[in-house]
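Visitor: Input structure: start19.cif, which contains mmCIF, C-alpha atoms.
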```cif
data_target
loop_
_atom_site.label_atom_id
_atom_site.label_comp_id
_atom_site.auth_asym_id
_atom_site.auth_seq_id
_atom_site.Cartn_x
_atom_site.Cartn_y
_atom_site.Cartn_z
CA MET A 854 48.35 32.65 -44.67
CA SER A 855 47.64 32.50 -40.96
CA ARG A 856 50.40 32.13 -38.42
CA LYS A 857 48.75 28.90 -37.29
CA LYS A 858 49.24 27.38 -40.76
CA GLU A 859 52.76 28.78 -41.03
CA ARG A 860 53.65 27.13 -37.71
CA GLU A 861 52.36 23.81 -39.09
CA TYR A 862 54.65 24.15 -42.10
CA ALA A 863 57.52 25.22 -39.85
CA LEU A 864 56.91 22.15 -37.68
CA LYS A 865 57.20 19.93 -40.74
CA GLY A 866 60.47 21.65 -41.59
CA VAL A 867 61.98 21.58 -38.11
CA PHE A 868 60.94 17.94 -37.72
CA GLN A 869 63.49 17.15 -40.45
CA LEU A 870 66.41 18.50 -38.38
CA ASP A 871 66.93 15.16 -36.64
CA PHE A 872 67.07 13.38 -40.00
CA HIS A 873 69.47 15.82 -41.69
CA PRO A 874 72.28 16.61 -39.27
CA GLU A 875 74.45 18.19 -41.96
CA PRO A 876 73.47 21.82 -42.69
CA GLY A 877 73.62 21.37 -46.47
CA ASP A 878 71.36 18.32 -46.35
CA PHE A 879 68.83 20.18 -44.22
CA THR A 880 68.86 23.24 -46.48
CA GLU A 881 68.35 21.06 -49.56
CA SER A 882 65.55 19.14 -47.87
CA ILE A 883 63.74 22.32 -46.84
CA ALA A 884 64.12 23.80 -50.32
CA TYR A 885 62.57 20.66 -51.80
CA PHE A 886 59.83 20.68 -49.16
CA LEU A 887 58.92 24.32 -49.87
CA GLU A 888 59.52 24.40 -53.63
CA ASP A 889 56.03 23.34 -54.70
CA ASN A 890 54.36 25.51 -52.11
CA GLU A 891 52.89 28.61 -53.72
CA LEU A 892 51.80 30.00 -50.37
CA ASP A 893 53.49 32.93 -48.65
CA LEU A 894 55.42 31.27 -45.83
CA THR A 895 57.57 34.22 -44.79
CA TYR A 896 57.07 33.74 -41.06
CA GLY A 897 57.28 29.96 -41.33
CA LYS A 898 60.56 30.10 -43.27
CA THR A 899 62.01 32.58 -40.78
CA LEU A 900 60.96 30.31 -37.93
CA ILE A 901 62.64 27.30 -39.56
CA ASP A 902 65.84 29.23 -40.30
CA THR A 903 66.00 30.78 -36.82
CA THR A 904 65.40 27.42 -35.16
CA GLU A 905 68.19 25.84 -37.20
CA THR A 906 70.57 28.71 -36.43
CA HIS A 907 69.95 28.54 -32.68
CA LEU A 908 69.44 24.78 -32.41
CA PRO A 909 72.34 24.13 -29.98
CA GLU A 910 71.11 26.87 -27.61
CA ILE A 911 67.50 25.74 -27.95
CA ASP A 912 68.42 22.15 -27.17
CA ASP A 913 70.48 23.28 -24.16
CA ILE A 914 67.48 25.18 -22.80
CA LEU A 915 65.22 22.21 -23.44
CA ASP A 916 67.68 19.84 -21.79
CA ASP A 917 67.78 22.07 -18.69
CA TYR A 918 64.03 21.66 -18.22
CA LEU A 919 63.81 17.90 -18.59
CA LYS A 920 63.67 15.63 -15.58
CA SER A 921 67.11 14.40 -14.58
CA THR A 922 66.23 10.89 -15.75
CA TRP A 923 65.34 12.12 -19.25
CA LYS A 924 67.58 13.05 -22.14
CA ILE A 925 66.53 15.12 -25.13
CA ASP A 926 66.74 12.10 -27.43
CA ARG A 927 64.06 10.38 -25.37
CA ILE A 928 61.42 12.99 -26.26
CA PRO A 929 59.24 11.88 -29.18
CA LYS A 930 60.40 13.67 -32.34
CA VAL A 931 57.14 15.53 -32.93
CA GLU A 932 56.98 16.93 -29.42
CA LYS A 933 60.70 17.77 -29.53
CA SER A 934 60.16 19.70 -32.77
CA ILE A 935 57.18 21.54 -31.29
CA LEU A 936 59.19 22.48 -28.20
CA ARG A 937 62.08 23.66 -30.39
CA LEU A 938 59.73 25.89 -32.40
CA ALA A 939 58.13 27.32 -29.28
CA ILE A 940 61.46 28.02 -27.57
CA CYS A 941 62.67 29.68 -30.77
CA GLU A 942 59.57 31.88 -30.90
CA LEU A 943 59.88 32.80 -27.24
CA LYS A 944 63.59 33.62 -27.25
CA TYR A 945 65.06 34.17 -30.71
CA MET A 946 62.54 35.64 -33.13
CA ASP A 947 62.88 39.37 -33.89
CA GLU A 948 59.11 39.72 -34.01
CA LYS A 949 57.92 39.01 -30.47
CA VAL A 950 54.78 36.96 -30.02
CA PRO A 951 53.00 36.94 -26.63
CA PHE A 952 54.05 33.87 -24.64
CA GLU A 953 50.41 32.89 -24.14
CA VAL A 954 49.99 32.61 -27.90
CA VAL A 955 53.21 30.62 -28.33
CA ILE A 956 52.23 28.14 -25.61
CA ASN A 957 48.67 27.78 -26.90
CA GLU A 958 49.86 27.19 -30.46
CA ALA A 959 52.39 24.61 -29.25
CA ILE A 960 49.64 22.77 -27.37
CA GLU A 961 47.37 22.85 -30.45
CA LEU A 962 50.18 21.49 -32.64
CA THR A 963 50.76 18.73 -30.10
CA LYS A 964 47.07 17.84 -30.05
CA LYS A 965 47.05 17.65 -33.83
CA PHE A 966 50.37 15.90 -34.51
CA GLY A 967 51.70 14.51 -31.22
CA ASP A 968 50.97 11.83 -28.66
CA GLU A 969 47.79 12.00 -26.65
CA ASP A 970 49.66 12.88 -23.44
CA GLY A 971 52.20 15.10 -25.16
CA LYS A 972 50.25 18.29 -24.62
CA ASN A 973 50.66 17.97 -20.85
CA TYR A 974 54.45 17.94 -20.80
CA VAL A 975 54.75 20.44 -23.68
CA ASN A 976 52.60 22.81 -21.63
CA GLY A 977 54.55 22.10 -18.43
CA ILE A 978 57.98 22.58 -19.97
CA LEU A 979 57.00 25.79 -21.78
CA ASN A 980 55.34 27.29 -18.70
CA LYS A 981 58.48 26.64 -16.67
CA ILE A 982 60.69 28.15 -19.38
CA VAL A 983 58.50 31.26 -19.57
CA LYS A 984 58.58 31.66 -15.80
CA ASP A 985 62.33 31.10 -15.42
CA GLU A 986 63.83 32.41 -18.66
CA LEU A 987 61.47 35.27 -19.49
CA ASN A 988 60.48 36.21 -15.93
CA GLU A 989 56.83 36.09 -16.93
CA CYS A 990 54.04 34.50 -14.96
CA PRO A 991 52.09 32.02 -17.11
#
```
How does the structure come out when it is put into structure tokens?

Guide:
Amino acid sequence: MSRKKEREYALKGVFQLDFHPEPGDFTESIAYFLEDNELDLTYGKTLIDTTETHLPEIDDILDDYLKSTWKIDRIPKVEKSILRLAICELKYMDEKVPFEVVINEAIELTKKFGDEDGKNYVNGILNKIVKDELNECP
């Protein structure tokens, strides 16, 4: 399965984090979500697990890059989940993916699942994170 498809499945999994704040509930929900899937989702599962593990750090990073008048809860859930996945891929995954790929995939996920204007702020936030946190020049 392509990484693009695995990211879509991971997005569906990470999206559930806001609805299952207890770790056991989330784990059970993800198991149910993936149980009928006969596809190889190794990368997608790792991305979900890593995002859950580092969620407090990811949300702190995300919060640092929001305008002072915005709080993380104000971000639409789809875009928040996409940003969480992208930050996880950029900072916490053992297998490093070029930041250009991570940003492009996040924008594509936003175009497919998010608000019409969501791609603009997803792109802006991720570019700033890459520049500041990874010392790369997007």

Visitor: Just say which residues the PyMOL selection byres ((chain A and resi 900) around 9) picks in this file, as a list in words.

Guide: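 Answer for the PyMOL selection byres ((chain A and resi 900) around 9): Glu859, Arg860, Ala863, Val867, Thr895, Tyr896, Gly897, Lys898, Thr899, Ile901, Asp902, Thr903, Thr904, Glu905, Leu938, Cys941, Glu942 and Met946 of chain A.
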
Visitor: What's the separation between CA of Leu870 (chain A) and CA of Leu919 (chain A), in Å to one decimal place?

Guide: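 So the answer is 20.0 Å.
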
Visitor: Using only C-alpha atoms, what does the table of region 940-963 of chain A residues within 10 Å of region 923-934 of chain A look like, with each row giving the shortest atom pair and its distance in Å to one decimal, sorted by chain and ascending number, as JSON lines?

Guide:
```
{"residue": "A:Ile940", "atom": "CA", "partner": "A:Ser934", "partner_atom": "CA", "distance": 9.9}
{"residue": "A:Ala959", "atom": "CA", "partner": "A:Glu932", "partner_atom": "CA", "distance": 8.9}
{"residue": "A:Ile960", "atom": "CA", "partner": "A:Glu932", "partner_atom": "CA", "distance": 9.6}
{"residue": "A:Leu962", "atom": "CA", "partner": "A:Glu932", "partner_atom": "CA", "distance": 8.8}
{"residue": "A:Thr963", "atom": "CA", "partner": "A:Glu932", "partner_atom": "CA", "distance": 6.5}
```

Visitor: Go ahead and write the residues just picked, C-alpha atoms, as a PDB file, in the coordinates of the input.

Guide:
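Result file out.pdb:
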```
ATOM      1  CA  ILE A 940      61.460  28.020 -27.570  1.00  0.00           C
ATOM      2  CA  ALA A 959      52.390  24.610 -29.250  1.00  0.00           C
ATOM      3  CA  ILE A 960      49.640  22.770 -27.370  1.00  0.00           C
ATOM      4  CA  LEU A 962      50.180  21.490 -32.640  1.00  0.00           C
ATOM      5  CA  THR A 963      50.760  18.730 -30.100  1.00  0.00           C
TER       6      THR A 963
END
```

Visitor: Neighbouring residues of region 968-978 of chain A were defined as those with any atom within 7 Å, considering only C-alpha atoms; residues of the same chain fewer than 2 positions away were excluded. Please report them as a ChimeraX atom specification.

Guide: /A:918,932,936,956,960,963-964,980-982

Visitor: Can you write out the residues you just picked, keeping C-alpha atoms, as a tab-separated table (two decimals), in the coordinates of the input?

Guide:
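Written out: again-v8.tsv:
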```tsv
chain	number	residue	atom	x	y	z
A	918	TYR	CA	64.03	21.66	-18.22
A	932	GLU	CA	56.98	16.93	-29.42
A	936	LEU	CA	59.19	22.48	-28.20
A	956	ILE	CA	52.23	28.14	-25.61
A	960	ILE	CA	49.64	22.77	-27.37
A	963	THR	CA	50.76	18.73	-30.10
A	964	LYS	CA	47.07	17.84	-30.05
A	980	ASN	CA	55.34	27.29	-18.70
A	981	LYS	CA	58.48	26.64	-16.67
A	982	ILE	CA	60.69	28.15	-19.38
```

Visitor: One decimal, in Å: what's the spacing between CA of Gln869 (chain A) and CA of Ile911 (chain A)?

Guide: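 CA of Ile911 (chain A) lies 15.7 Å from CA of Gln869 (chain A).
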
Visitor: Ranking A:Tyr862, A:Lys944, A:Lys857, A:Asp985 by minimum distance to Leu894 (chain A) and counting only C-alpha atoms, which one comes first?

Guide: A:Tyr862

Visitor: Between CA of Ile935 (chain A) and CA of Gly967 (chain A), measure the distance and give it in Å to one decimal.

Guide: 8.9 Å
